[in-house]
Amino acid sequence: MDADRAEVRRRYGPPLLRFAAGAGFAAIPVLFLCLFLIYPLERILALGLGPVFSGGFSIIARIARETDLTRLLLASGAQALASTVLSVMLGLPIAYVFGRYSFPGKGILRTLLGIPFVLPTVVVASAFVELIGSGGLLEKAAALITGNAGVQLSLTRSIGAVLLAHVFYNLSVVVRIVGGAWSSLDPRLEEAARTLGVGRFAAFRRVTLPLLFPALFASSLLVFAFCFSSFGVILVLGGPRIGTLETEIYRQAVSMFDLPSAAVLSIVQLVVTAAVMYGYSRVQARMSVIQNLKPESLTARGPRNMGEKITVSLFGFLPIMGLVVPMLALASGSFISRGVVSASFWKALVSGTGHSLFWISPLLAAGNSFLFALETVAFSLVLGIPAAYLIAWGQGARGGFRGVGASVLDILFLLPLGTSAVTLGFGFILSMGAPALNLRGSAILIPIAHSLVALPLVIRSLLGPLRSINPRMRQAAAVLGAGPTRVRLEIDLPVLRRAFVAAAAFAFTVSLGEFGATALLTRPELVTLPVLIYDSLGRPGASNQGQALALSTILMLACAAGLAAIEKFRTRGTEAF
Amino acid sequence: MKRTILLALFAAALVAVPLGATPTLLRVMTHSSFAATPSVIAAFEAANNAKVQFTAGGDGGETLNKAILAKSDPLADVLYGVDNTFMGRALAADILDPYDSPLLASIPSDLDLDSSHRLLPVDFGYISLNYDKKYFTDKGLMPPTTLEDLVQPRYKGLVIVENPATSSPGLAFLLATVAHFGTTGSSAWQTYWSNLRKNDVLVVNGWEDAYYNEFSEQGKGKRPIVVSYATSPAYELYNATDPKPTEPPTGNIIPEGSSFRQVEFVGVLKGTKVPALARKFVDFMLDTAFQADIPLQMWVYPTNRNAPVPDLFKTFAPVPATPANIAPAIIDAQRDTWIKAWTQIVLR
């Protein structure tokens with residue numbers, strides 16, 4: 001035993017130094033979170049809650065009554081739950097096909113799946129209007145079928161439109177995380193069960209599904225958190241009759257400037273999100289199983305017979321084609337002016353005439369978007385990897401100070417998703433102007449804000465695979481003489497490669513599509529594509545609306561290009577362990 | 001060609017500035033709908049050796065709230081875009097310095113709503129009902145002429161309005177009905193709205209959604225009457241191409257006394273480090289060069305009576321003789337109550 005200690009000491013240095021190194025490693029992401037999430041939130045909430053504290057807590061009861069808090073909570077929770085169930089139900093078969101089969105065009109489909117994430121809500125709303133709104137394709141089809149040209153069929157401004165858009169946005173979260181886990185599962189486990197006489201479905205239910213639970217829960221949690229605090233989709237596609245916590249926070253903070261109400265509602269939203277995450281963290285810590293994760297080359301194969309081919313096309317191609325339809329509607333909309341095919345919107349975009357002072361060339365905006373997205377990938381990986389290691393290490397302890405600390409961190413890093421965007425935006429204004437942290441107006445704040453949103457996704461996609469790494473493999477490597485760095489490179493890196501790619505893809509798309517924070521912080525020379533799109537949409541005239549569609553098409557292409565480049569890392573280098 | 005000349009002029013203006021003098025930075029915070037011709041701004045920059053940096057703060061309310069939150073360390077030197085529905089909030093927050101601009105002499109006094117001159121009127125516009133001319137011709141139906149008409153059975157299911165809680169034309173229209181029908185009695189605005197609801201009025205959250213997705217004239221929608229701006233028909237005509245029509249495809253319904261006037265203001269933010277330059281910019285926004293640029297950039301009227309207004313405006317977007325007027329102080333005190341009541345009547 002003493003010899004062991006001496007060996008550890010010789011290789012890793014004295015305990016105090018090791019602790020200091022570990023603490024330093026862990027401090028970066030925690031510090032980041034304190035500075036850019038906790039501190040601004042504290043500032044704005046303290047400002048809002050001032051009257052609550054001085055006026056007594058009866059104010060809270062009044063706020064709850066006046067904003068109809070119970071109804072808001074139920075509405076927010078119900079739509080988020082329904083969106084999550086739908087996304088998982090639709091995403092699971094796709095994840096299966098992506099996890100278990102290799103087929104031509106898989107990379108392209110995976111890229112297509114990631115695109116909705118970057119599209120501004122208003123643009124997606126107009127795509128859905130083209131499809132299911134008044135005068136849309138659905139109505140035209142209904143008119144054809146029924147033979148009644150006057151038929152009116154509009155699904156926009158309903159809960160159905162909200163759910164549809166939420167699934168459209170979040171399907172990629174489910175497929176990336178669950179599909180990734182599925183592709184790492186050793187297929188021999190299920191095969192062994194089959195050999196022992198268990199039916200195909202029973203083998204799935206009793207072997208595969210339990211092993212997928214952590215990934216399923218992780219993705220459900222993210223989707224739930226996204227939908228629970230969803231704003232644009234609810235406002236534009238839900239219409240004025242659907243109100244959620246987030247839309248009410250916006251109304252209180254912006255329209256009424258009632259900061260106490262906005263603060264109370266923001267805290268309710270944060271608490272609910274944290275509670276859901278705590279429950280999740282309890283469940284998943286019990287479910288996480290150490291496995292020998294396999295590379296995709298061993299787990300995925302081509303479809304062998306007709307049945308498998310049908311499965312692949314039914315669950316792989318078909319739903320993704322469903323996602324592509326609204327995207328195509330957008331792109332084609334940029335070529336149709338008043339019912340006639342025309343390039344006038346694109347011409348106007350190139351010539352840049354009739355634009356505002358905030359206008360810069362779309363090419364420059366695309367360049368800015370790309371640069372911020374790359375910075376976000378770098379920031380969120382540099383911050384997310386230590387955070388994920390820290391949480392995984394702490395939770396390995398199961399209870400005690402280390403375990404509790406890890407659970408707290410786990411929840412803390414998910415909180416940006418439950419934070420009201422408008423509240424945080426106001427908090428940034430309050431906190432970033434002070435001399436101590438004078439970043440307001442600085443370009444670096446944009447990738448920082450993007451990283452804040454991307455971190456929950458990045459950590460979630462790393463954590464699952466990280467927890468599953470068999471510690472014996474690391475021990476074996478160490479026994480064979482590998483130093484700690486070498487162990488990370490030789491054992492962890494190959495296992496985590498797919499998780500890194502997924503994490504980078506998430507960070508990239510989050511940044512590329514982000515609008516709120518960028519608009520708040522932007523200066524003309526820093527304008528990004530989504531900001532340009534909103535700028536166009538905010539101006540009158542069919543030409544500006546058409547140019548917004550053209551810009552959205554550019555955004556989709558930029559996203560596809562970026563994701564395709566990131567995908568290259570998925571297969572580069574060694575795949576075998 | 002025009003661009004080349006402008007560029008040359010701009011370059012000449014740059015050279016005219018004494019070499020070596022770095023321009024002073026002037027930060028101007030506006031709402032997202034702000035627009036101006038770049039050369040007009042460049043002329044100000046050249047004349048004052050300044051660099052004007054615009055920041056868009058979202059819609060009018062959001063921009064103002066950001067300015068209020070940043071009071072101790074202002075986000076900008078000049079704030080533009082507070083309107084008469086929000087001016088009470090801006091004045092109460094005490095974020096602006098008073099400035100008696102000499103240009104106020106050229107602005108009609110009924111637009112000069114803030115006697116403390118912390119907010120100076122830059123432009124104004126009217127919220128009106130737009131109608132689709134072709135729809136009414138095809139159906140052989142007369143378009144409505146009064147607010148009362150809209151609750152008639154013949155206009156059932158034809159009207160689109162915006163949610164006053166999320167849209168500024170929506171709020172302006174609500175205020176117009178409050179001004180027209182009053183707050184008490186059997187014909188108060190509440191009764192009117194409950195009748196509008198019975199007549200199947202469509203409520204959407206934003207003007208874009210109303211105009212581009214639901215208004216029949218724009219191709220997709222089914223309904224021929226929408227709450228919009230009085231200048232929208234002129235805009236449609238201005239932007240129409242081959243063949244250019246002589247009349248706009250849409251018309252205005254501007255009932256006397258029931259069209260709300262929205263006035264937008266500019267002010268110097270407290271705590272600015274460049275107060276003299278900020279005041280110069282306020283003067284610049286109220287002077288004829290910028291004022292003449294307003295109509296075709298932002299599609300509202302200039303406040304300076306010496307600024308020329310295009311014929312297009314005079315013909316197709318006439319100024320109503322008697323707009324619906326409610327004092328900003330009353331709006332500020334009652335807005336939230338009215339919006340809450342409206343939500344109960346129309347949406348619940």
# chains A, B, ... in the order shown; residues from 1 in each chain; ligands from 1
>>> closest_atom_pairs(of="chain B", to="chain A", cutoff="7 Å", atoms="only C-alpha atoms", output="JSON lines")
{"residue": "B:Ser33", "atom": "CA", "partner": "A:Gly538", "partner_atom": "CA", "distance": 6.4}
{"residue": "B:Ala35", "atom": "CA", "partner": "A:Ser356", "partner_atom": "CA", "distance": 5.0}
{"residue": "B:Ala36", "atom": "CA", "partner": "A:Ser356", "partner_atom": "CA", "distance": 6.5}
{"residue": "B:Pro38", "atom": "CA", "partner": "A:Leu357", "partner_atom": "CA", "distance": 6.4}
{"residue": "B:Thr55", "atom": "CA", "partner": "A:Arg523", "partner_atom": "CA", "distance": 6.3}
{"residue": "B:Gly57", "atom": "CA", "partner": "A:Leu520", "partner_atom": "CA", "distance": 6.4}
{"residue": "B:Gly61", "atom": "CA", "partner": "A:Val254", "partner_atom": "CA", "distance": 6.0}
{"residue": "B:Glu62", "atom": "CA", "partner": "A:Val254", "partner_atom": "CA", "distance": 5.3}
{"residue": "B:Asn65", "atom": "CA", "partner": "A:Val254", "partner_atom": "CA", "distance": 6.8}
{"residue": "B:Lys66", "atom": "CA", "partner": "A:Phe426", "partner_atom": "CA", "distance": 6.8}
{"residue": "B:Leu69", "atom": "CA", "partner": "A:Leu430", "partner_atom": "CA", "distance": 6.2}
{"residue": "B:Ala70", "atom": "CA", "partner": "A:Leu430", "partner_atom": "CA", "distance": 6.0}
{"residue": "B:Asp73", "atom": "CA", "partner": "A:Gly433", "partner_atom": "CA", "distance": 6.3}
{"residue": "B:Asn163", "atom": "CA", "partner": "A:Pro240", "partner_atom": "CA", "distance": 6.7}
{"residue": "B:Ala165", "atom": "CA", "partner": "A:Ser255", "partner_atom": "CA", "distance": 6.6}
{"residue": "B:Val203", "atom": "CA", "partner": "A:Pro240", "partner_atom": "CA", "distance": 6.9}
{"residue": "B:Val204", "atom": "CA", "partner": "A:Gly239", "partner_atom": "CA", "distance": 5.8}
{"residue": "B:Asn205", "atom": "CA", "partner": "A:Pro240", "partner_atom": "CA", "distance": 5.6}
{"residue": "B:Gly219", "atom": "CA", "partner": "A:Arg338", "partner_atom": "CA", "distance": 6.9}
{"residue": "B:Lys220", "atom": "CA", "partner": "A:Gly135", "partner_atom": "CA", "distance": 4.8}
{"residue": "B:Gly221", "atom": "CA", "partner": "A:Ser134", "partner_atom": "CA", "distance": 5.7}
{"residue": "B:Asp336", "atom": "CA", "partner": "A:Met256", "partner_atom": "CA", "distance": 6.6}
{"residue": "B:Leu347", "atom": "CA", "partner": "A:Arg241", "partner_atom": "CA", "distance": 6.0}
>>> write_last_selection(atoms="N, CA, C and O atoms", output="tab-separated table (two decimals), in the first residue's frame")
chain	number	residue	atom	x	y	z
B	33	SER	N	-36.56	50.00	-35.08
B	33	SER	CA	-37.13	50.46	-36.35
B	33	SER	C	-36.50	51.76	-36.84
B	33	SER	O	-36.91	52.30	-37.86
B	35	ALA	N	-34.29	54.29	-38.78
B	35	ALA	CA	-33.62	54.24	-40.08
B	35	ALA	C	-33.31	55.66	-40.53
B	35	ALA	O	-34.03	56.59	-40.19
B	36	ALA	N	-32.22	55.81	-41.26
B	36	ALA	CA	-31.86	57.11	-41.82
B	36	ALA	C	-30.94	56.86	-43.00
B	36	ALA	O	-30.30	55.80	-43.09
B	38	PRO	N	-27.61	56.98	-44.76
B	38	PRO	CA	-26.26	57.08	-44.21
B	38	PRO	C	-25.58	58.43	-44.49
B	38	PRO	O	-24.90	58.97	-43.61
B	55	THR	N	-26.96	52.05	-31.46
B	55	THR	CA	-27.26	50.75	-30.87
B	55	THR	C	-28.77	50.58	-30.88
B	55	THR	O	-29.49	51.48	-30.46
B	57	GLY	N	-31.99	48.87	-29.36
B	57	GLY	CA	-32.32	48.27	-28.06
B	57	GLY	C	-33.57	47.43	-28.06
B	57	GLY	O	-34.07	47.12	-27.00
B	61	GLY	N	-40.46	50.00	-25.87
B	61	GLY	CA	-40.51	49.77	-24.43
B	61	GLY	C	-39.22	49.13	-23.93
B	61	GLY	O	-38.67	49.54	-22.89
B	62	GLU	N	-38.73	48.14	-24.67
B	62	GLU	CA	-37.52	47.43	-24.26
B	62	GLU	C	-36.33	48.38	-24.24
B	62	GLU	O	-35.52	48.36	-23.30
B	65	ASN	N	-36.53	50.58	-21.21
B	65	ASN	CA	-36.21	49.86	-19.97
B	65	ASN	C	-34.71	49.66	-19.81
B	65	ASN	O	-34.16	49.77	-18.72
B	66	LYS	N	-34.04	49.34	-20.91
B	66	LYS	CA	-32.59	49.16	-20.85
B	66	LYS	C	-31.90	50.46	-20.44
B	66	LYS	O	-30.97	50.46	-19.62
B	69	LEU	N	-32.40	50.93	-16.73
B	69	LEU	CA	-31.57	50.03	-15.91
B	69	LEU	C	-30.11	50.49	-15.89
B	69	LEU	O	-29.41	50.29	-14.91
B	70	ALA	N	-29.67	51.09	-16.98
B	70	ALA	CA	-28.26	51.49	-17.08
B	70	ALA	C	-28.06	52.93	-16.61
B	70	ALA	O	-27.05	53.55	-16.91
B	73	ASP	N	-24.77	54.17	-15.23
B	73	ASP	CA	-23.64	54.10	-16.16
B	73	ASP	C	-24.22	53.99	-17.56
B	73	ASP	O	-24.33	52.91	-18.12
B	163	ASN	N	-52.43	42.38	-30.37
B	163	ASN	CA	-52.51	42.31	-28.92
B	163	ASN	C	-51.82	43.55	-28.30
B	163	ASN	O	-50.63	43.74	-28.49
B	165	ALA	N	-50.81	44.08	-25.48
B	165	ALA	CA	-49.78	43.75	-24.50
B	165	ALA	C	-48.43	43.49	-25.17
B	165	ALA	O	-47.39	43.58	-24.54
B	203	VAL	N	-57.20	38.20	-33.16
B	203	VAL	CA	-56.13	38.86	-32.42
B	203	VAL	C	-54.82	38.13	-32.66
B	203	VAL	O	-54.74	36.90	-32.51
B	204	VAL	N	-53.79	38.85	-33.05
B	204	VAL	CA	-52.46	38.24	-33.19
B	204	VAL	C	-51.48	39.07	-32.34
B	204	VAL	O	-51.80	40.18	-31.92
B	205	ASN	N	-50.28	38.52	-32.12
B	205	ASN	CA	-49.36	39.19	-31.20
B	205	ASN	C	-48.57	40.34	-31.80
B	205	ASN	O	-48.12	41.21	-31.08
B	219	GLY	N	-51.71	38.50	-49.94
B	219	GLY	CA	-51.66	37.22	-50.66
B	219	GLY	C	-51.99	36.00	-49.84
B	219	GLY	O	-52.69	35.12	-50.29
B	220	LYS	N	-51.47	35.93	-48.62
B	220	LYS	CA	-51.67	34.71	-47.84
B	220	LYS	C	-52.96	34.72	-47.06
B	220	LYS	O	-53.65	33.72	-46.95
B	221	GLY	N	-53.26	35.86	-46.45
B	221	GLY	CA	-54.35	35.93	-45.49
B	221	GLY	C	-55.73	35.96	-46.11
B	221	GLY	O	-55.89	35.96	-47.34
B	336	ASP	N	-51.66	49.83	-17.91
B	336	ASP	CA	-51.65	48.45	-17.43
B	336	ASP	C	-53.05	47.96	-17.09
B	336	ASP	O	-53.42	46.83	-17.40
B	347	LEU	N	-59.58	38.00	-24.73
B	347	LEU	CA	-58.86	36.73	-24.88
B	347	LEU	C	-59.34	35.62	-23.96
B	347	LEU	O	-59.18	34.45	-24.27
>>> residues_around(residues="Leu269 in chain B", least_positions_apart="4", cutoff="8 Å", atoms="only C-alpha atoms", output="PyMOL selection string")
chain B and resi 74+76-79+95-97
>>> select_by_dssp(residues="range 29-185 of chain A", states="helix (DSSP H, G or I)", output="VMD selection string")
chain A and resid 29 to 55 58 to 66 69 to 100 106 to 118 121 to 132 137 to 146 159 to 184
>>> closest_residue(among="B:Trp189, B:Phe284, B:Tyr212, B:Tyr229", to="Ser168 in chain B", atoms="only C-alpha atoms")
B:Tyr229
>>> residues_around(residues="range 87-98 of chain A", least_positions_apart="4", cutoff="10 Å", atoms="only C-alpha atoms", output="number ranges by chain")
A: 81-83, 102-103, 106-107, 109-110, 163-164, 166-183, 216-217, 219-220, 223-224, 300, 303, 308, 311-320
>>> atom_distance(atom1="CA of Ala329 in chain B", atom2="CA of Ile63 in chain A")
24.5 Å
>>> residues_around(residues="Asp293 in chain B", least_positions_apart="6", cutoff="10 Å", atoms="only C-alpha atoms", output="PyMOL selection string")
chain B and resi 35-37+40+285+299+301-302+307-309
>>> residues_around(residues="range 110-127 of chain B", least_positions_apart="4", cutoff="7 Å", atoms="only C-alpha atoms", output="ChimeraX atom specification")
/B:96-100,169,172-173,228-230,259-267,285-286,300-303
>>> write_last_selection(atoms="C-alpha atoms", output="PDB file, in the first residue's frame")
ATOM      1  CA  LEU B  96     -32.835  62.548 -19.245  1.00  0.00           C
ATOM      2  CA  ASP B  97     -31.424  66.060 -19.062  1.00  0.00           C
ATOM      3  CA  PRO B  98     -33.616  68.963 -20.160  1.00  0.00           C
ATOM      4  CA  TYR B  99     -32.607  70.790 -23.323  1.00  0.00           C
ATOM      5  CA  ASP B 100     -34.341  73.847 -24.743  1.00  0.00           C
ATOM      6  CA  PRO B 169     -49.986  49.536 -32.945  1.00  0.00           C
ATOM      7  CA  ALA B 172     -52.421  52.527 -29.955  1.00  0.00           C
ATOM      8  CA  PHE B 173     -55.633  51.064 -31.370  1.00  0.00           C
ATOM      9  CA  SER B 228     -51.856  49.159 -39.285  1.00  0.00           C
ATOM     10  CA  TYR B 229     -50.265  52.520 -40.000  1.00  0.00           C
ATOM     11  CA  ALA B 230     -51.825  55.385 -41.916  1.00  0.00           C
ATOM     12  CA  SER B 259     -57.098  57.617 -34.899  1.00  0.00           C
ATOM     13  CA  PHE B 260     -54.359  57.537 -32.294  1.00  0.00           C
ATOM     14  CA  ARG B 261     -51.343  59.773 -32.852  1.00  0.00           C
ATOM     15  CA  GLN B 262     -48.008  58.277 -31.881  1.00  0.00           C
ATOM     16  CA  VAL B 263     -45.273  60.872 -31.252  1.00  0.00           C
ATOM     17  CA  GLU B 264     -41.646  59.752 -30.926  1.00  0.00           C
ATOM     18  CA  PHE B 265     -39.088  61.696 -28.930  1.00  0.00           C
ATOM     19  CA  VAL B 266     -35.362  62.171 -28.530  1.00  0.00           C
ATOM     20  CA  GLY B 267     -33.500  63.184 -25.387  1.00  0.00           C
ATOM     21  CA  MET B 285     -32.515  65.366 -35.529  1.00  0.00           C
ATOM     22  CA  LEU B 286     -34.942  68.270 -35.298  1.00  0.00           C
ATOM     23  CA  VAL B 300     -43.827  58.745 -40.271  1.00  0.00           C
ATOM     24  CA  TYR B 301     -44.222  62.533 -40.404  1.00  0.00           C
ATOM     25  CA  PRO B 302     -41.483  65.010 -39.465  1.00  0.00           C
ATOM     26  CA  THR B 303     -42.357  67.382 -36.619  1.00  0.00           C
TER      27      THR B 303
END
>>> residues_around(residues="Ala560 in chain A", least_positions_apart="3", cutoff="12 Å", atoms="only C-alpha atoms", output="PDB file with C-alpha atoms, in the first residue's frame")
ATOM      1  CA  GLY A 107     -23.769  12.287 -42.470  1.00  0.00           C
ATOM      2  CA  ILE A 108     -25.968  14.541 -44.590  1.00  0.00           C
ATOM      3  CA  LEU A 109     -29.079  13.533 -42.678  1.00  0.00           C
ATOM      4  CA  ARG A 110     -27.302  14.157 -39.389  1.00  0.00           C
ATOM      5  CA  THR A 111     -26.340  17.640 -40.613  1.00  0.00           C
ATOM      6  CA  LEU A 112     -29.888  18.381 -41.778  1.00  0.00           C
ATOM      7  CA  LEU A 113     -31.149  17.365 -38.369  1.00  0.00           C
ATOM      8  CA  GLY A 114     -28.972  19.995 -36.711  1.00  0.00           C
ATOM      9  CA  ILE A 115     -30.105  22.929 -38.856  1.00  0.00           C
ATOM     10  CA  PRO A 116     -33.466  23.782 -37.201  1.00  0.00           C
ATOM     11  CA  PHE A 117     -31.583  24.674 -34.031  1.00  0.00           C
ATOM     12  CA  VAL A 118     -30.076  27.798 -35.630  1.00  0.00           C
ATOM     13  CA  LEU A 119     -33.221  29.166 -37.226  1.00  0.00           C
ATOM     14  CA  PHE A 370     -18.908  31.968 -38.056  1.00  0.00           C
ATOM     15  CA  ALA A 505     -21.937  20.693 -32.930  1.00  0.00           C
ATOM     16  CA  PHE A 508     -21.716  25.762 -32.931  1.00  0.00           C
ATOM     17  CA  THR A 509     -25.435  25.701 -33.687  1.00  0.00           C
ATOM     18  CA  LEU A 512     -24.968  30.548 -34.928  1.00  0.00           C
ATOM     19  CA  THR A 553     -31.342  30.436 -46.365  1.00  0.00           C
ATOM     20  CA  ILE A 554     -27.765  31.709 -46.031  1.00  0.00           C
ATOM     21  CA  LEU A 555     -27.908  30.928 -42.305  1.00  0.00           C
ATOM     22  CA  MET A 556     -29.048  27.364 -43.026  1.00  0.00           C
ATOM     23  CA  LEU A 557     -26.225  26.910 -45.520  1.00  0.00           C
ATOM     24  CA  LEU A 563     -21.761  21.019 -39.024  1.00  0.00           C
ATOM     25  CA  ALA A 564     -20.321  19.116 -41.962  1.00  0.00           C
ATOM     26  CA  ALA A 565     -16.841  20.345 -41.015  1.00  0.00           C
ATOM     27  CA  ILE A 566     -17.352  19.318 -37.383  1.00  0.00           C
ATOM     28  CA  GLU A 567     -18.595  15.900 -38.517  1.00  0.00           C
TER      29      GLU A 567
END
>>> residues_around(residues="Ala149 in chain A", least_positions_apart="4", cutoff="12 Å", atoms="only C-alpha atoms", output="PyMOL selection string")
chain A and resi 135+139-145+153
>>> closest_atom_pairs(of="range 192-304 of chain B", to="range 148-152 of chain B", cutoff="10 Å", atoms="only C-alpha atoms", output="CSV")
residue,atom,partner,partner_atom,distance
B:Tyr192,CA,B:Val151,CA,7.8
B:Trp193,CA,B:Val151,CA,8.9
B:Ser194,CA,B:Val151,CA,9.5
B:Asn195,CA,B:Val151,CA,6.1
B:Leu196,CA,B:Val151,CA,5.3
B:Arg197,CA,B:Val151,CA,8.6
B:Lys198,CA,B:Val151,CA,8.1
B:Asn199,CA,B:Val151,CA,5.8
B:Asp200,CA,B:Val151,CA,9.1
B:Val201,CA,B:Val151,CA,9.1
B:Ile225,CA,B:Leu150,CA,9.4
B:Pro255,CA,B:Glu148,CA,9.8
>>> write_last_selection(atoms="all heavy atoms", output="short mmCIF file (atom, residue, chain, number, x, y, z; two decimals), in the first residue's frame")
data_model
loop_
_atom_site.label_atom_id
_atom_site.label_comp_id
_atom_site.auth_asym_id
_atom_site.auth_seq_id
_atom_site.Cartn_x
_atom_site.Cartn_y
_atom_site.Cartn_z
N TYR B 192 -67.62 47.90 -26.44
CA TYR B 192 -67.24 47.86 -27.85
C TYR B 192 -66.39 46.64 -28.15
O TYR B 192 -66.62 45.92 -29.13
CB TYR B 192 -66.50 49.14 -28.23
CG TYR B 192 -66.02 49.15 -29.66
CD1 TYR B 192 -66.93 49.27 -30.70
CD2 TYR B 192 -64.66 49.03 -29.97
CE1 TYR B 192 -66.50 49.28 -32.02
CE2 TYR B 192 -64.22 49.04 -31.27
CZ TYR B 192 -65.14 49.15 -32.30
OH TYR B 192 -64.71 49.16 -33.60
N TRP B 193 -65.40 46.39 -27.28
CA TRP B 193 -64.50 45.26 -27.54
C TRP B 193 -65.22 43.93 -27.37
O TRP B 193 -64.91 42.97 -28.09
CB TRP B 193 -63.27 45.34 -26.63
CG TRP B 193 -62.22 46.24 -27.21
CD1 TRP B 193 -61.97 47.52 -26.86
CD2 TRP B 193 -61.29 45.91 -28.25
NE1 TRP B 193 -60.95 48.03 -27.61
CE2 TRP B 193 -60.50 47.07 -28.48
CE3 TRP B 193 -61.05 44.78 -29.02
CZ2 TRP B 193 -59.48 47.11 -29.43
CZ3 TRP B 193 -60.04 44.82 -29.98
CH2 TRP B 193 -59.28 45.98 -30.18
N SER B 194 -66.16 43.85 -26.43
CA SER B 194 -66.85 42.57 -26.31
C SER B 194 -67.73 42.33 -27.54
O SER B 194 -67.90 41.20 -27.98
CB SER B 194 -67.57 42.46 -24.97
OG SER B 194 -68.88 42.90 -25.09
N ASN B 195 -68.24 43.44 -28.13
CA ASN B 195 -68.98 43.28 -29.39
C ASN B 195 -68.07 42.91 -30.55
O ASN B 195 -68.44 42.11 -31.41
CB ASN B 195 -69.73 44.58 -29.73
CG ASN B 195 -70.91 44.81 -28.80
OD1 ASN B 195 -71.45 43.84 -28.24
ND2 ASN B 195 -71.28 46.06 -28.60
N LEU B 196 -66.87 43.50 -30.55
CA LEU B 196 -65.89 43.15 -31.60
C LEU B 196 -65.56 41.66 -31.51
O LEU B 196 -65.45 40.96 -32.51
CB LEU B 196 -64.60 43.96 -31.41
CG LEU B 196 -64.34 45.15 -32.30
CD1 LEU B 196 -62.94 45.69 -32.06
CD2 LEU B 196 -64.52 44.81 -33.78
N ARG B 197 -65.41 41.19 -30.27
CA ARG B 197 -65.10 39.77 -30.08
C ARG B 197 -66.24 38.90 -30.63
O ARG B 197 -66.01 37.91 -31.31
CB ARG B 197 -64.88 39.47 -28.59
CG ARG B 197 -64.54 38.03 -28.37
CD ARG B 197 -64.32 37.70 -26.92
NE ARG B 197 -63.80 36.33 -26.84
CZ ARG B 197 -63.35 35.77 -25.74
NH1 ARG B 197 -63.34 36.46 -24.62
NH2 ARG B 197 -62.90 34.54 -25.76
N LYS B 198 -67.49 39.34 -30.33
CA LYS B 198 -68.65 38.59 -30.85
C LYS B 198 -68.66 38.62 -32.37
O LYS B 198 -69.16 37.71 -33.03
CB LYS B 198 -69.95 39.19 -30.30
CG LYS B 198 -70.20 38.82 -28.84
CD LYS B 198 -71.55 39.33 -28.37
CE LYS B 198 -71.60 39.41 -26.85
NZ LYS B 198 -71.95 40.76 -26.38
N ASN B 199 -68.11 39.68 -32.94
CA ASN B 199 -68.08 39.79 -34.40
C ASN B 199 -66.84 39.10 -34.99
O ASN B 199 -66.42 39.39 -36.09
CB ASN B 199 -68.13 41.27 -34.81
CG ASN B 199 -68.99 41.48 -36.05
OD1 ASN B 199 -69.87 40.67 -36.34
ND2 ASN B 199 -68.71 42.54 -36.78
N ASP B 200 -66.25 38.20 -34.19
CA ASP B 200 -65.16 37.33 -34.65
C ASP B 200 -63.91 38.11 -35.08
O ASP B 200 -63.37 37.91 -36.17
CB ASP B 200 -65.66 36.43 -35.80
CG ASP B 200 -64.66 35.36 -36.17
OD1 ASP B 200 -63.84 35.00 -35.31
OD2 ASP B 200 -64.70 34.88 -37.33
N VAL B 201 -63.45 39.00 -34.22
CA VAL B 201 -62.20 39.71 -34.52
C VAL B 201 -61.03 38.76 -34.30
O VAL B 201 -61.09 37.89 -33.41
CB VAL B 201 -62.07 40.97 -33.61
CG1 VAL B 201 -61.85 40.60 -32.15
CG2 VAL B 201 -60.94 41.87 -34.09
N ILE B 225 -59.40 43.63 -43.41
CA ILE B 225 -59.23 44.85 -42.60
C ILE B 225 -58.22 44.58 -41.50
O ILE B 225 -58.34 43.60 -40.77
CB ILE B 225 -60.58 45.29 -41.96
CG1 ILE B 225 -61.66 45.47 -43.03
CG2 ILE B 225 -60.41 46.58 -41.15
CD1 ILE B 225 -63.05 45.66 -42.47
N PRO B 255 -61.31 57.28 -39.08
CA PRO B 255 -62.49 58.01 -38.59
C PRO B 255 -62.05 59.22 -37.78
O PRO B 255 -61.12 59.11 -36.99
CB PRO B 255 -63.20 56.98 -37.68
CG PRO B 255 -62.49 55.68 -37.90
CD PRO B 255 -61.12 56.00 -38.39
#
>>> atom_distance(atom1="CA of Gly58 in chain B", atom2="CA of Thr30 in chain B")
8.1 Å
